[in-house]
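Peer 1: Below is one structure. I have some questions about it.
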Amino acid sequence: MRSGEMAKLTQLIDNDVFRAYATYTTIVLLKMMLMSLITAYFRITRKAFVNPEDTASFGKGESAKKYLRTDPDVERVRRGHLNDLENIVPFLGIGLLYALSGPELSTALLHFRIFAGARIAHTFAYLIPLPQPGRGLSWAVGYAVTMSMAYKVLMTALYL
């Protein structure tokens with residue numbers, strides 16, 4: 001497929017760029033899903049819940065109410081997960097349009113790999129936590145990759 005030519009739907013399965021997009025999208029979505037499990041783990045081990053029914057195994061009434069609380073570790077994981085939502089969701093849409101815009105495979109792989117690596121690094125920086133500017137830089141790198149793909153899409157299929 002030539003650069004700048006949109007892929008036909010029937011060509012997607014044979015399109016290396018689309019397969020690369022599907023691969024790295026799956027990686028970052030699985031990473032984001034893992035954040036839900038990590039949140040649950042921290043809620044259970046820190047005994048910090050937000051819904052009364054979640055405290056049922058710790059007693060009834062007043063004895064269970066003490067587990068309806070926030071915990072700094074749970075909140076840190078939740079913030080990391082929210083950051084994933086704010087950054088991975090735009091990547092899904094823009095990355096798909098980018099993959100369909102006919103980029104070179106090597107350039108697309110560079111975009112997808114850097115984004116996935118940046119999001120994984122961001123998660124480690126958030127959960128460990130690593131000192132700044134590690135988390136900020138990993139966020140900025142992933143954000144810049146998404147913006148780069150958006151720019152390419154707009155320049156390829158500009159109908160303003």
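Note on naming: chains are A, B, ... as they come in the structure tokens, residues start from 1 per chain, ligands start from 1 in the order shown.
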Could you name the residues that touch Gly80 of chain A at 9 Å or less, counting only C-alpha atoms, but leaving out those on the same chain fewer than 5 positions away, as a PDB file with N, CA, C and O atoms, in the first residue's frame?
Peer 2:
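So selection.pdb came out as:
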ATOM      1  N   MET A  35      -4.545  -2.905  35.659  1.00  0.00           N
ATOM      2  CA  MET A  35      -4.686  -1.877  36.695  1.00  0.00           C
ATOM      3  C   MET A  35      -5.955  -2.094  37.525  1.00  0.00           C
ATOM      4  O   MET A  35      -5.965  -1.783  38.717  1.00  0.00           O
ATOM      5  N   GLU A  75      -5.663   4.913  46.263  1.00  0.00           N
ATOM      6  CA  GLU A  75      -5.894   6.120  45.464  1.00  0.00           C
ATOM      7  C   GLU A  75      -4.783   6.332  44.439  1.00  0.00           C
ATOM      8  O   GLU A  75      -5.032   6.796  43.329  1.00  0.00           O
ATOM      9  N   LEU A  85      -6.794   5.645  31.226  1.00  0.00           N
ATOM     10  CA  LEU A  85      -8.021   5.925  30.485  1.00  0.00           C
ATOM     11  C   LEU A  85      -7.898   7.209  29.676  1.00  0.00           C
ATOM     12  O   LEU A  85      -8.337   7.281  28.526  1.00  0.00           O
ATOM     13  N   HIS A 122       5.225   4.493  32.588  1.00  0.00           N
ATOM     14  CA  HIS A 122       4.396   5.377  33.406  1.00  0.00           C
ATOM     15  C   HIS A 122       3.760   4.602  34.562  1.00  0.00           C
ATOM     16  O   HIS A 122       3.715   5.081  35.699  1.00  0.00           O
ATOM     17  N   THR A 123       3.290   3.401  34.277  1.00  0.00           N
ATOM     18  CA  THR A 123       2.674   2.577  35.324  1.00  0.00           C
ATOM     19  C   THR A 123       3.687   2.234  36.414  1.00  0.00           C
ATOM     20  O   THR A 123       3.389   2.357  37.605  1.00  0.00           O
ATOM     21  N   TYR A 126       4.400   5.240  38.475  1.00  0.00           N
ATOM     22  CA  TYR A 126       3.286   5.568  39.360  1.00  0.00           C
ATOM     23  C   TYR A 126       3.223   4.619  40.546  1.00  0.00           C
ATOM     24  O   TYR A 126       3.026   5.040  41.690  1.00  0.00           O
ATOM     25  N   LEU A 127       3.384   3.320  40.303  1.00  0.00           N
ATOM     26  CA  LEU A 127       3.165   2.329  41.352  1.00  0.00           C
ATOM     27  C   LEU A 127       4.334   2.178  42.323  1.00  0.00           C
ATOM     28  O   LEU A 127       4.124   1.847  43.487  1.00  0.00           O
TER      29      LEU A 127
END
Peer 1: Which residues are close to segment 89-106 of chain A, i.e. within 12 Å by only C-alpha atoms, leaving aside same-chain residues fewer than 3 positions away? Reply as an MDAnalysis selection string.
Peer 2: chainID A and resid 1:9 11:13 15:29 32 81:86 109:116 119 142:158
Peer 1: Need to verify the contact set: Gly136 of chain A, 9 Å, only C-alpha atoms, exclusion of same-chain residues closer than 4 positions in sequence. Can you return it as a short mmCIF file (atom, residue, chain, number, x, y, z; two decimals) with all heavy atoms, in the first residue's frame?
Peer 2:
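The resulting file, part-v7.cif, is reproduced below:
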data_model
loop_
_atom_site.label_atom_id
_atom_site.label_comp_id
_atom_site.auth_asym_id
_atom_site.auth_seq_id
_atom_site.Cartn_x
_atom_site.Cartn_y
_atom_site.Cartn_z
N HIS A 122 5.23 4.49 32.59
CA HIS A 122 4.40 5.38 33.41
C HIS A 122 3.76 4.60 34.56
O HIS A 122 3.72 5.08 35.70
CB HIS A 122 3.31 6.03 32.54
CG HIS A 122 2.46 7.00 33.29
ND1 HIS A 122 1.31 6.63 33.94
CD2 HIS A 122 2.60 8.33 33.50
CE1 HIS A 122 0.78 7.68 34.52
NE2 HIS A 122 1.55 8.74 34.26
N ALA A 125 6.39 3.88 37.13
CA ALA A 125 6.73 5.13 37.81
C ALA A 125 5.64 5.52 38.80
O ALA A 125 5.93 6.06 39.88
CB ALA A 125 6.95 6.25 36.79
N GLN A 132 9.96 12.10 40.36
CA GLN A 132 9.78 12.90 39.14
C GLN A 132 11.15 13.32 38.66
O GLN A 132 12.05 13.42 39.47
CB GLN A 132 8.90 14.13 39.43
CG GLN A 132 7.43 13.79 39.57
CD GLN A 132 6.75 13.44 38.25
OE1 GLN A 132 7.38 13.02 37.27
NE2 GLN A 132 5.45 13.59 38.21
N ALA A 140 4.58 12.34 28.97
CA ALA A 140 4.80 13.27 27.86
C ALA A 140 5.20 12.54 26.58
O ALA A 140 4.76 12.90 25.48
CB ALA A 140 5.85 14.31 28.23
N VAL A 141 6.02 11.51 26.70
CA VAL A 141 6.45 10.75 25.53
C VAL A 141 5.24 10.07 24.87
O VAL A 141 5.05 10.15 23.65
CB VAL A 141 7.54 9.72 25.90
CG1 VAL A 141 7.76 8.71 24.78
CG2 VAL A 141 8.84 10.44 26.24
#
Peer 1: Report, in Å to a single decimal, how far apart atom CA of Thr45 of chain A and atom CA of Lys65 of chain A are.
Peer 2: 16.4 Å
